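Novice: What follows is target-v3.txt; its format and atoms are compact mmCIF, C-alpha atoms.
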# COMPACT_ATOMS: atom_id res chain seq x y z
CA MET A 1 -23.87 37.67 -40.35
CA SER A 2 -21.73 40.22 -42.22
CA GLU A 3 -20.84 41.59 -38.75
CA ILE A 4 -18.31 38.75 -38.64
CA LEU A 5 -16.39 40.21 -41.57
CA LYS A 6 -16.65 43.71 -40.12
CA ALA A 7 -15.21 42.59 -36.78
CA HIS A 8 -12.40 40.77 -38.59
CA LEU A 9 -11.54 43.81 -40.72
CA LYS A 10 -11.54 46.01 -37.63
CA LYS A 11 -8.93 43.79 -35.98
CA PHE A 12 -6.49 45.06 -38.60
CA VAL A 13 -7.70 48.38 -40.03
CA GLU A 14 -9.84 51.36 -39.10
CA LEU A 15 -13.10 51.51 -40.97
CA ASN A 16 -16.34 53.48 -40.83
CA GLU A 17 -19.79 52.00 -41.43
CA GLU A 18 -20.23 53.64 -44.81
CA ASP A 19 -16.97 52.24 -46.17
CA PHE A 20 -17.78 48.83 -44.75
CA GLN A 21 -21.09 48.73 -46.60
CA ILE A 22 -19.31 49.52 -49.87
CA ILE A 23 -16.64 46.91 -49.16
CA LEU A 24 -19.34 44.35 -48.41
CA SER A 25 -20.96 45.06 -51.79
CA PHE A 26 -17.90 43.46 -53.47
CA PHE A 27 -18.90 40.12 -51.94
CA GLN A 28 -21.72 37.69 -52.45
CA THR A 29 -23.11 35.53 -49.68
CA VAL A 30 -23.64 31.87 -50.49
CA GLN A 31 -25.08 28.99 -48.51
CA VAL A 32 -23.39 25.65 -49.11
CA ARG A 33 -24.64 22.30 -47.90
CA LYS A 34 -22.42 19.72 -46.22
CA LYS A 35 -20.27 17.90 -48.84
CA GLU A 36 -21.11 20.44 -51.56
CA ASN A 37 -18.09 21.51 -53.65
CA LEU A 38 -17.27 25.18 -54.11
CA LEU A 39 -14.30 24.33 -56.33
CA THR A 40 -13.48 21.21 -58.34
CA GLU A 41 -10.16 20.01 -59.78
CA GLY A 42 -9.63 21.35 -63.29
CA GLN A 43 -11.84 24.44 -62.83
CA VAL A 44 -10.31 27.89 -63.11
CA CYS A 45 -10.08 29.14 -59.52
CA LYS A 46 -12.09 32.35 -59.72
CA TYR A 47 -13.05 32.97 -56.10
CA HIS A 48 -11.71 33.65 -52.62
CA TYR A 49 -13.86 32.40 -49.74
CA PHE A 50 -14.36 33.84 -46.24
CA VAL A 51 -16.20 31.62 -43.76
CA LEU A 52 -19.02 33.37 -41.86
CA LYS A 53 -20.38 30.17 -40.38
CA GLY A 54 -19.44 26.54 -40.82
CA CYS A 55 -16.34 24.83 -42.09
CA LEU A 56 -14.61 24.22 -45.42
CA ARG A 57 -11.81 21.89 -46.36
CA LYS A 58 -9.40 21.80 -49.25
CA PHE A 59 -8.21 18.48 -50.65
CA PHE A 60 -6.72 16.86 -53.70
CA ILE A 61 -6.97 13.35 -55.09
CA ASN A 62 -3.59 11.68 -54.63
CA GLU A 63 -1.93 9.03 -56.80
CA LYS A 64 -3.69 6.26 -54.91
CA GLY A 65 -7.04 7.89 -55.70
CA THR A 66 -7.57 8.92 -52.07
CA GLU A 67 -8.72 12.36 -50.91
CA GLN A 68 -5.81 14.08 -49.17
CA THR A 69 -7.05 17.05 -47.10
CA THR A 70 -4.47 19.85 -46.84
CA GLU A 71 -6.40 22.63 -45.05
CA PHE A 72 -9.52 23.44 -43.08
CA ALA A 73 -11.17 26.85 -42.69
CA ILE A 74 -13.61 27.77 -39.92
CA GLU A 75 -15.25 31.11 -39.05
CA THR A 76 -13.18 34.19 -40.09
CA TRP A 77 -10.70 32.10 -42.09
CA TRP A 78 -10.03 32.68 -45.77
CA MET A 79 -9.65 29.86 -48.26
CA THR A 80 -8.77 29.42 -51.92
CA ASP A 81 -6.09 27.82 -54.07
CA ASN A 82 -3.95 30.96 -53.96
CA MET A 83 -1.66 29.98 -56.83
CA ALA A 84 -4.53 29.25 -59.21
CA PHE A 85 -6.52 32.26 -57.89
CA GLU A 86 -3.75 34.78 -58.55
CA HIS A 87 -3.02 33.45 -62.01
CA GLN A 88 -6.65 32.58 -62.84
CA GLN A 89 -5.63 29.06 -63.76
CA PRO A 90 -7.20 25.62 -63.34
CA THR A 91 -6.78 24.23 -59.86
CA GLU A 92 -5.47 20.85 -58.67
CA PHE A 93 -7.69 21.08 -55.58
CA TYR A 94 -11.26 20.69 -54.40
CA ILE A 95 -12.87 23.01 -51.84
CA GLN A 96 -15.80 21.38 -50.08
CA ALA A 97 -18.14 22.24 -47.20
CA VAL A 98 -17.58 20.03 -44.14
CA GLU A 99 -20.78 21.39 -42.53
CA ASN A 100 -23.71 23.42 -43.85
CA SER A 101 -21.95 26.76 -44.18
CA GLU A 102 -22.45 30.43 -44.94
CA ILE A 103 -19.65 31.89 -47.03
CA LEU A 104 -18.68 35.30 -48.37
CA VAL A 105 -17.34 34.97 -51.91
CA ILE A 106 -15.25 37.49 -53.82
CA SER A 107 -13.98 37.04 -57.38
CA ALA A 108 -10.34 37.72 -58.30
CA GLN A 109 -11.49 40.69 -60.38
CA ALA A 110 -13.63 42.13 -57.58
CA GLN A 111 -10.78 41.67 -55.10
CA GLU A 112 -8.48 43.66 -57.40
CA GLN A 113 -11.09 46.42 -57.68
CA LEU A 114 -11.60 46.41 -53.92
CA LEU A 115 -7.85 46.86 -53.34
CA THR A 116 -7.75 49.71 -55.85
CA LYS A 117 -10.75 51.49 -54.38
CA PHE A 118 -9.80 50.90 -50.72
CA PRO A 119 -6.00 50.86 -50.32
CA ILE A 120 -6.61 50.20 -46.61
CA MET A 121 -7.58 46.69 -47.72
CA GLU A 122 -3.96 46.19 -48.83
CA ARG A 123 -3.08 46.36 -45.13
CA TYR A 124 -5.85 43.93 -44.23
CA PHE A 125 -4.83 41.36 -46.84
CA ARG A 126 -1.15 41.90 -46.02
CA PHE A 127 -1.96 40.69 -42.49
CA VAL A 128 -4.14 37.84 -43.74
CA TYR A 129 -1.43 36.51 -46.09
CA GLN A 130 1.42 37.20 -43.65
CA ARG A 131 -0.22 35.11 -40.94
CA ALA A 132 -1.30 32.39 -43.33
CA PHE A 133 2.27 32.17 -44.65
CA ALA A 134 3.74 32.06 -41.15
CA ALA A 135 1.36 29.23 -40.15
CA SER A 136 2.20 27.43 -43.36
CA GLN A 137 5.95 27.63 -42.67
CA MET A 138 5.40 26.01 -39.27
CA ARG A 139 3.22 23.38 -40.91
CA ILE A 140 6.05 22.50 -43.29
CA LYS A 141 8.39 22.15 -40.31
CA TYR A 142 5.97 19.73 -38.62
CA LEU A 143 5.54 17.73 -41.82
CA TYR A 144 9.29 17.13 -41.78
CA ASP A 145 9.76 16.89 -38.06
CA LEU A 146 6.86 15.06 -36.46
CA SER A 147 5.64 11.52 -36.87
CA LYS A 148 1.99 11.33 -37.91
CA GLU A 149 1.14 10.20 -34.41
CA ALA A 150 2.95 13.16 -32.80
CA PHE A 151 1.27 15.51 -35.30
CA TYR A 152 -2.13 14.19 -34.23
CA HIS A 153 -1.37 14.68 -30.54
CA GLN A 154 -0.17 18.21 -31.24
CA LEU A 155 -3.40 18.92 -33.12
CA GLU A 156 -5.41 17.56 -30.18
CA GLU A 157 -3.54 19.78 -27.72
CA ARG A 158 -3.37 23.01 -29.74
CA HIS A 159 -6.65 22.82 -31.62
CA PRO A 160 -9.13 20.74 -29.59
CA GLU A 161 -11.99 22.68 -31.26
CA PHE A 162 -10.94 21.13 -34.59
CA VAL A 163 -10.56 17.61 -33.35
CA GLN A 164 -14.00 17.74 -31.74
CA ARG A 165 -15.77 19.46 -34.60
CA ILE A 166 -14.36 17.69 -37.63
CA PRO A 167 -15.43 14.14 -38.51
CA GLN A 168 -12.83 11.48 -37.72
CA TYR A 169 -12.35 10.38 -41.32
CA LEU A 170 -11.48 13.95 -42.34
CA ILE A 171 -8.99 14.33 -39.50
CA ALA A 172 -7.43 11.10 -40.80
CA SER A 173 -7.44 12.51 -44.35
CA PHE A 174 -5.70 15.66 -43.09
CA LEU A 175 -3.03 13.68 -41.25
CA GLY A 176 -2.50 11.39 -44.21
CA PHE A 177 -3.47 8.09 -42.64
CA THR A 178 -6.42 5.72 -42.59
CA PRO A 179 -9.42 6.18 -40.27
CA GLU A 180 -8.53 2.76 -38.79
CA TYR A 181 -5.05 3.92 -37.82
CA LEU A 182 -6.53 7.07 -36.22
CA SER A 183 -8.88 4.89 -34.14
CA GLU A 184 -5.89 2.85 -33.01
CA ILE A 185 -3.98 5.96 -31.89
CA ARG A 186 -7.01 7.27 -30.03
CA ALA A 187 -7.59 3.91 -28.35
CA LYS A 188 -3.94 3.76 -27.28
CA ARG A 189 -4.27 7.25 -25.82
CA LEU A 190 -7.36 6.35 -23.81
CA SER A 191 -6.10 3.00 -22.53
CA MET B 192 23.41 46.90 -55.27
CA SER B 193 20.30 48.57 -53.76
CA GLU B 194 19.04 48.83 -57.37
CA ILE B 195 17.95 45.21 -56.95
CA LEU B 196 15.49 46.21 -54.21
CA LYS B 197 14.31 49.19 -56.24
CA ALA B 198 13.58 47.02 -59.28
CA HIS B 199 11.74 44.51 -57.09
CA LEU B 200 9.61 47.21 -55.46
CA LYS B 201 8.80 48.67 -58.88
CA LYS B 202 7.44 45.32 -60.04
CA PHE B 203 4.57 45.84 -57.58
CA VAL B 204 4.24 49.57 -56.76
CA GLU B 205 4.96 52.97 -58.25
CA LEU B 206 7.78 54.77 -56.54
CA ASN B 207 9.89 57.88 -57.13
CA GLU B 208 13.62 58.12 -56.42
CA GLU B 209 13.20 60.34 -53.37
CA ASP B 210 10.78 57.93 -51.69
CA PHE B 211 13.00 54.99 -52.56
CA GLN B 212 15.97 56.61 -50.84
CA ILE B 213 13.92 57.10 -47.67
CA ILE B 214 12.61 53.53 -47.86
CA LEU B 215 16.17 52.27 -48.27
CA SER B 216 17.21 54.14 -45.11
CA PHE B 217 15.04 51.72 -43.09
CA PHE B 218 17.42 48.90 -44.07
CA GLN B 219 20.98 48.00 -43.26
CA THR B 220 23.25 46.20 -45.70
CA VAL B 221 25.25 43.30 -44.30
CA GLN B 222 27.83 41.01 -45.83
CA VAL B 223 27.71 37.42 -44.63
CA ARG B 224 30.27 34.76 -45.31
CA LYS B 225 29.41 31.26 -46.47
CA LYS B 226 28.14 29.15 -43.51
CA GLU B 227 27.72 32.22 -41.29
CA ASN B 228 24.46 32.25 -39.28
CA LEU B 229 22.16 35.26 -39.40
CA LEU B 230 19.74 33.61 -36.96
CA THR B 231 20.24 30.83 -34.42
CA GLU B 232 17.68 28.59 -32.70
CA GLY B 233 16.51 30.14 -29.42
CA GLN B 234 17.23 33.75 -30.46
CA VAL B 235 14.38 36.23 -30.72
CA CYS B 236 13.78 36.64 -34.46
CA LYS B 237 14.25 40.39 -34.87
CA TYR B 238 14.99 40.73 -38.58
CA HIS B 239 13.61 40.20 -42.06
CA TYR B 240 16.19 39.51 -44.78
CA PHE B 241 16.16 40.44 -48.47
CA VAL B 242 18.84 38.83 -50.63
CA LEU B 243 20.73 41.27 -52.88
CA LYS B 244 23.38 38.73 -53.85
CA GLY B 245 24.05 35.17 -52.81
CA CYS B 246 21.91 32.57 -51.14
CA LEU B 247 20.48 31.83 -47.70
CA ARG B 248 18.89 28.74 -46.28
CA LYS B 249 16.62 28.12 -43.31
CA PHE B 250 16.89 24.90 -41.36
CA PHE B 251 16.11 23.33 -38.02
CA ILE B 252 17.77 20.53 -36.09
CA ASN B 253 15.44 17.54 -36.14
CA GLU B 254 14.97 14.85 -33.50
CA LYS B 255 17.81 12.80 -34.97
CA GLY B 256 20.13 15.80 -34.58
CA THR B 257 20.29 16.33 -38.35
CA GLU B 258 19.94 19.68 -40.11
CA GLN B 259 16.64 19.71 -42.01
CA THR B 260 16.57 22.53 -44.58
CA THR B 261 13.07 23.90 -45.19
CA GLU B 262 13.72 26.90 -47.49
CA PHE B 263 16.27 28.61 -49.69
CA ALA B 264 16.35 32.29 -50.69
CA ILE B 265 18.27 33.67 -53.66
CA GLU B 266 18.38 37.18 -55.17
CA THR B 267 15.16 39.24 -54.55
CA TRP B 268 13.71 36.66 -52.15
CA TRP B 269 12.74 37.51 -48.58
CA MET B 270 13.49 35.24 -45.66
CA THR B 271 12.76 35.10 -41.95
CA ASP B 272 10.93 32.89 -39.45
CA ASN B 273 7.67 34.77 -40.00
CA MET B 274 5.90 33.40 -36.93
CA ALA B 275 8.72 34.36 -34.57
CA PHE B 276 9.30 37.66 -36.44
CA GLU B 277 5.70 38.86 -36.11
CA HIS B 278 5.46 37.93 -32.44
CA GLN B 279 9.09 38.82 -31.64
CA GLN B 280 9.62 35.42 -30.09
CA PRO B 281 12.51 32.94 -29.98
CA THR B 282 12.86 30.94 -33.18
CA GLU B 283 13.13 27.19 -33.74
CA PHE B 284 15.15 27.80 -36.92
CA TYR B 285 18.59 28.77 -38.15
CA ILE B 286 19.17 31.09 -41.11
CA GLN B 287 22.57 30.57 -42.69
CA ALA B 288 24.44 31.83 -45.75
CA VAL B 289 24.97 29.14 -48.39
CA GLU B 290 27.36 31.43 -50.31
CA ASN B 291 29.11 34.69 -49.46
CA SER B 292 26.11 36.99 -49.62
CA GLU B 293 24.98 40.59 -49.49
CA ILE B 294 21.75 41.06 -47.59
CA LEU B 295 19.39 43.92 -46.79
CA VAL B 296 18.19 43.66 -43.20
CA ILE B 297 15.16 45.34 -41.64
CA SER B 298 14.06 44.97 -38.02
CA ALA B 299 10.45 44.21 -37.09
CA GLN B 300 10.16 47.68 -35.58
CA ALA B 301 11.60 49.41 -38.67
CA GLN B 302 9.30 47.37 -40.93
CA GLU B 303 6.30 48.56 -38.90
CA GLN B 304 7.50 52.18 -39.18
CA LEU B 305 8.09 51.76 -42.90
CA LEU B 306 4.53 50.49 -43.40
CA THR B 307 3.13 53.41 -41.40
CA LYS B 308 5.17 56.01 -43.25
CA PHE B 309 4.69 54.46 -46.72
CA PRO B 310 1.27 52.78 -46.97
CA ILE B 311 2.24 51.83 -50.53
CA MET B 312 4.55 49.28 -48.90
CA GLU B 313 1.44 47.50 -47.59
CA ARG B 314 0.72 46.67 -51.22
CA TYR B 315 4.28 45.51 -51.82
CA PHE B 316 4.34 43.23 -48.78
CA ARG B 317 0.81 42.03 -49.54
CA PHE B 318 2.19 40.70 -52.84
CA VAL B 319 5.31 39.27 -51.22
CA TYR B 320 3.33 37.34 -48.59
CA GLN B 321 0.54 36.34 -50.99
CA ARG B 322 3.01 34.73 -53.38
CA ALA B 323 5.04 33.15 -50.61
CA PHE B 324 1.86 31.68 -49.14
CA ALA B 325 0.70 30.38 -52.53
CA ALA B 326 4.09 28.69 -53.12
CA SER B 327 3.97 27.26 -49.63
CA GLN B 328 0.51 25.75 -50.20
CA MET B 329 1.82 23.98 -53.31
CA ARG B 330 4.85 22.82 -51.33
CA ILE B 331 2.55 21.23 -48.74
CA LYS B 332 0.69 19.45 -51.53
CA TYR B 333 3.97 18.04 -52.89
CA LEU B 334 5.08 16.95 -49.42
CA TYR B 335 1.93 14.83 -49.23
CA ASP B 336 1.75 13.81 -52.85
CA LEU B 337 5.21 13.14 -54.22
CA SER B 338 7.79 10.57 -53.27
CA LYS B 339 11.14 12.10 -52.35
CA GLU B 340 12.51 10.89 -55.65
CA ALA B 341 9.67 12.50 -57.65
CA PHE B 342 10.12 15.71 -55.65
CA TYR B 343 13.79 15.79 -56.60
CA HIS B 344 13.03 15.30 -60.28
CA GLN B 345 10.42 18.06 -60.12
CA LEU B 346 12.99 20.36 -58.50
CA GLU B 347 15.47 19.51 -61.26
CA GLU B 348 12.93 20.30 -63.97
CA ARG B 349 11.36 23.43 -62.53
CA HIS B 350 14.34 24.96 -60.76
CA PRO B 351 17.53 23.81 -62.52
CA GLU B 352 19.23 27.02 -61.31
CA PHE B 353 18.83 25.76 -57.72
CA VAL B 354 20.02 22.25 -58.36
CA GLN B 355 23.13 23.54 -60.08
CA ARG B 356 23.91 26.29 -57.63
CA ILE B 357 23.28 24.63 -54.28
CA PRO B 358 25.71 22.06 -52.87
CA GLN B 359 24.52 18.46 -53.11
CA TYR B 360 24.43 17.86 -49.36
CA LEU B 361 22.09 20.86 -48.93
CA ILE B 362 19.77 19.67 -51.69
CA ALA B 363 19.68 16.35 -49.81
CA SER B 364 18.96 18.20 -46.54
CA PHE B 365 16.09 20.07 -48.24
CA LEU B 366 14.60 16.87 -49.63
CA GLY B 367 14.97 15.10 -46.31
CA PHE B 368 17.29 12.31 -47.37
CA THR B 369 20.96 11.43 -47.13
CA PRO B 370 23.56 12.71 -49.60
CA GLU B 371 24.27 9.04 -50.46
CA TYR B 372 20.66 8.47 -51.48
CA LEU B 373 20.72 11.61 -53.62
CA SER B 374 23.84 10.32 -55.42
CA GLU B 375 22.04 7.04 -56.08
CA ILE B 376 19.04 8.84 -57.61
CA ARG B 377 21.30 10.97 -59.78
CA ALA B 378 23.29 7.94 -60.92
CA LYS B 379 20.07 6.10 -61.79
CA ARG B 380 18.96 9.12 -63.83
CA LEU B 381 22.20 9.26 -65.77
CA SER B 382 22.48 5.53 -66.42
Would you put the structure from the file into structure tokens?
Specialist:
Amino acid sequence: MSEILKAHLKKFVELNEEDFQIILSFFQTVQVRKKENLLTEGQVCKYHYFVLKGCLRKFFINEKGTEQTTEFAIETWWMTDNMAFEHQQPTEFYIQAVENSEILVISAQAQEQLLTKFPIMERYFRFVYQRAFAASQMRIKYLYDLSKEAFYHQLEERHPEFVQRIPQYLIASFLGFTPEYLSEIRAKRLS
Amino acid sequence: MSEILKAHLKKFVELNEEDFQIILSFFQTVQVRKKENLLTEGQVCKYHYFVLKGCLRKFFINEKGTEQTTEFAIETWWMTDNMAFEHQQPTEFYIQAVENSEILVISAQAQEQLLTKFPIMERYFRFVYQRAFAASQMRIKYLYDLSKEAFYHQLEERHPEFVQRIPQYLIASFLGFTPEYLSEIRAKRLS
């Protein structure tokens, strides 16, 4: 399963097998069951997660007491609360498994040591953060620009693998509306 | 003025004067006048901007034909349309000077060469993107979580330097409401 990380690293940097095995030793592999939390609001955010298999989501509890999902991560995606992770502070978020998942976990301290020992990993993480930031900038544009309905249709067109894989009520939680409203939109689309 | 870049680099990496002078040679310095565009919708996004002095903003024209500001950059902040910059594609954004500004400019090609020649810059940009991404994740949370009014008050509390420096109508454009509504909120606050 660690082949998935190796292939992802090799997309960005050159790496031999020996180095990869040392890099891998900075991580732990954990199995999480569907709906299990990896991170809970108020905890210090100690870890960075890389999805080998399965799906995670990040959410917070909004003022109405509802779970508002802000991100999903599937295979080869990284996830953490980056602000709380960098500063080793309590988080405002939850990270939860959407499916039974297999995750590589690295602590903030181990990630620092990894970057010191393998400067090539600076390049890898530079790419990871650069792309995540770019996607996030577009996301902010859509949050301003698109109606919730248009955002859903865009999601359906650009990421059909998400819409099919992720339970309806979580798609609704990501888009910021009720499952009932999502059913209405889908019904309108099909009629 | 290039001392500002040097100090910013030194916050993240060790660097001698000779290397800094070579690094600096990858950039051009440009002066932009207030309201001048550095980037226009539809152009290929060729450049990454670092603010030495002044202030830039990024905006797009929304469906109503209104300018929606999504980001500001002041001294030592980077700005570009990262998605279009990485893929060298046409942008959906404008980047415009809010004040007369002095900017360091690096092309996508020169940035690649810089990273190849000075791998230490991988570490620098890893930090730049990591922090930008972390801030952007919090921004997305606030876009879901806070009313526009609460978002304005948060901006006032956490970034008074912005609220004082940036013209009212641009603060309104960033928050996604009309200048009239912003005046109302401010009046309510003062009363």
Novice: At most 8 Å is the cut-off: for each residue in chain A with any atom that close to an atom of chain B, write down the nearest atom pair and the distance in Å rounded to one decimal, counting only C-alpha atoms, chain first then increasing number, as JSON lines.
Specialist:
{"residue": "A:Asn62", "atom": "CA", "partner": "B:Asp336", "partner_atom": "CA", "distance": 6.0}
{"residue": "A:Glu63", "atom": "CA", "partner": "B:Asp336", "partner_atom": "CA", "distance": 7.2}
{"residue": "A:Gln68", "atom": "CA", "partner": "B:Tyr335", "partner_atom": "CA", "distance": 7.8}
{"residue": "A:Thr70", "atom": "CA", "partner": "B:Lys332", "partner_atom": "CA", "distance": 7.0}
{"residue": "A:Asp81", "atom": "CA", "partner": "B:Ala325", "partner_atom": "CA", "distance": 7.4}
{"residue": "A:Asn82", "atom": "CA", "partner": "B:Ala325", "partner_atom": "CA", "distance": 4.9}
{"residue": "A:Met83", "atom": "CA", "partner": "B:Ala325", "partner_atom": "CA", "distance": 4.9}
{"residue": "A:Pro119", "atom": "CA", "partner": "B:Arg314", "partner_atom": "CA", "distance": 8.0}
{"residue": "A:Glu122", "atom": "CA", "partner": "B:Arg314", "partner_atom": "CA", "distance": 5.3}
{"residue": "A:Arg123", "atom": "CA", "partner": "B:Glu313", "partner_atom": "CA", "distance": 5.3}
{"residue": "A:Phe125", "atom": "CA", "partner": "B:Arg317", "partner_atom": "CA", "distance": 6.3}
{"residue": "A:Arg126", "atom": "CA", "partner": "B:Arg317", "partner_atom": "CA", "distance": 4.0}
{"residue": "A:Phe127", "atom": "CA", "partner": "B:Arg317", "partner_atom": "CA", "distance": 7.7}
{"residue": "A:Tyr129", "atom": "CA", "partner": "B:Gln321", "partner_atom": "CA", "distance": 5.3}
{"residue": "A:Gln130", "atom": "CA", "partner": "B:Tyr320", "partner_atom": "CA", "distance": 5.3}
{"residue": "A:Arg131", "atom": "CA", "partner": "B:Met274", "partner_atom": "CA", "distance": 7.5}
{"residue": "A:Ala132", "atom": "CA", "partner": "B:Phe324", "partner_atom": "CA", "distance": 6.7}
{"residue": "A:Phe133", "atom": "CA", "partner": "B:Phe324", "partner_atom": "CA", "distance": 4.5}
{"residue": "A:Ala134", "atom": "CA", "partner": "B:Asn273", "partner_atom": "CA", "distance": 4.9}
{"residue": "A:Ala135", "atom": "CA", "partner": "B:Met274", "partner_atom": "CA", "distance": 7.0}
{"residue": "A:Ser136", "atom": "CA", "partner": "B:Ser327", "partner_atom": "CA", "distance": 6.5}
{"residue": "A:Gln137", "atom": "CA", "partner": "B:Ser327", "partner_atom": "CA", "distance": 7.2}
{"residue": "A:Met138", "atom": "CA", "partner": "B:Met274", "partner_atom": "CA", "distance": 7.8}
{"residue": "A:Ile140", "atom": "CA", "partner": "B:Ile331", "partner_atom": "CA", "distance": 6.6}
{"residue": "A:Lys141", "atom": "CA", "partner": "B:Thr261", "partner_atom": "CA", "distance": 7.0}
{"residue": "A:Leu143", "atom": "CA", "partner": "B:Leu334", "partner_atom": "CA", "distance": 7.7}
{"residue": "A:Tyr144", "atom": "CA", "partner": "B:Gly367", "partner_atom": "CA", "distance": 7.5}
{"residue": "A:Asp145", "atom": "CA", "partner": "B:Asn253", "partner_atom": "CA", "distance": 6.0}
{"residue": "A:Gly176", "atom": "CA", "partner": "B:Tyr335", "partner_atom": "CA", "distance": 7.5}
Novice: Under the rule that all atoms listed in the file are counted, which of B:Thr231, B:Thr267, B:Tyr360, B:Tyr238 is the nearest residue to B:Glu194?
Specialist: B:Thr267
Novice: For a test of reading the model, state the distance in Å between atom CA of B:Asn291 and atom CA of B:Gln222, rounded to one decimal.
Specialist: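 Between atom CA of B:Asn291 and atom CA of B:Gln222 the gap is 7.4 Å.
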Novice: Please report the interatomic distance between atom CA of B:Glu340 and atom CA of A:Leu155 in Å with one decimal.
Specialist: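 Computing the Euclidean distance for atom CA of B:Glu340 and atom CA of A:Leu155 yields 28.7 Å.
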Novice: In the coordinate frame of the file, compute which residues have an atom within 12 Å of (-18.4, 13.6, -51.7) when using all atoms listed in the file, and state them as a short mmCIF file (atom, residue, chain, number, x, y, z; two decimals) with C-alpha atoms, in the coordinates of the input.
Specialist:
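Okay, result.cif is ready:
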data_model
loop_
_atom_site.label_atom_id
_atom_site.label_comp_id
_atom_site.auth_asym_id
_atom_site.auth_seq_id
_atom_site.Cartn_x
_atom_site.Cartn_y
_atom_site.Cartn_z
CA ARG A 33 -24.64 22.30 -47.90
CA LYS A 34 -22.42 19.72 -46.22
CA LYS A 35 -20.27 17.90 -48.84
CA GLU A 36 -21.11 20.44 -51.56
CA ASN A 37 -18.09 21.51 -53.65
CA LEU A 38 -17.27 25.18 -54.11
CA THR A 40 -13.48 21.21 -58.34
CA ARG A 57 -11.81 21.89 -46.36
CA PHE A 59 -8.21 18.48 -50.65
CA ILE A 61 -6.97 13.35 -55.09
CA THR A 66 -7.57 8.92 -52.07
CA GLU A 67 -8.72 12.36 -50.91
CA TYR A 94 -11.26 20.69 -54.40
CA ILE A 95 -12.87 23.01 -51.84
CA GLN A 96 -15.80 21.38 -50.08
CA ALA A 97 -18.14 22.24 -47.20
CA VAL A 98 -17.58 20.03 -44.14
CA LEU A 170 -11.48 13.95 -42.34
#
Novice: What is the distance between atom CA of A:Ala150 and atom CA of A:Thr178, in Å to one decimal?
Specialist: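 Going from atom CA of A:Ala150 over to atom CA of A:Thr178 covers 15.5 Å.
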Novice: Select, from A:Lys10, A:His48, A:Lys148, A:His87, the residue with the minimum atom-to-atom distance to A:Gln28, counting all atoms listed in the file.
Specialist: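 Once distances to A:Gln28 are computed over all atoms listed in the file, the minimum belongs to A:His48.
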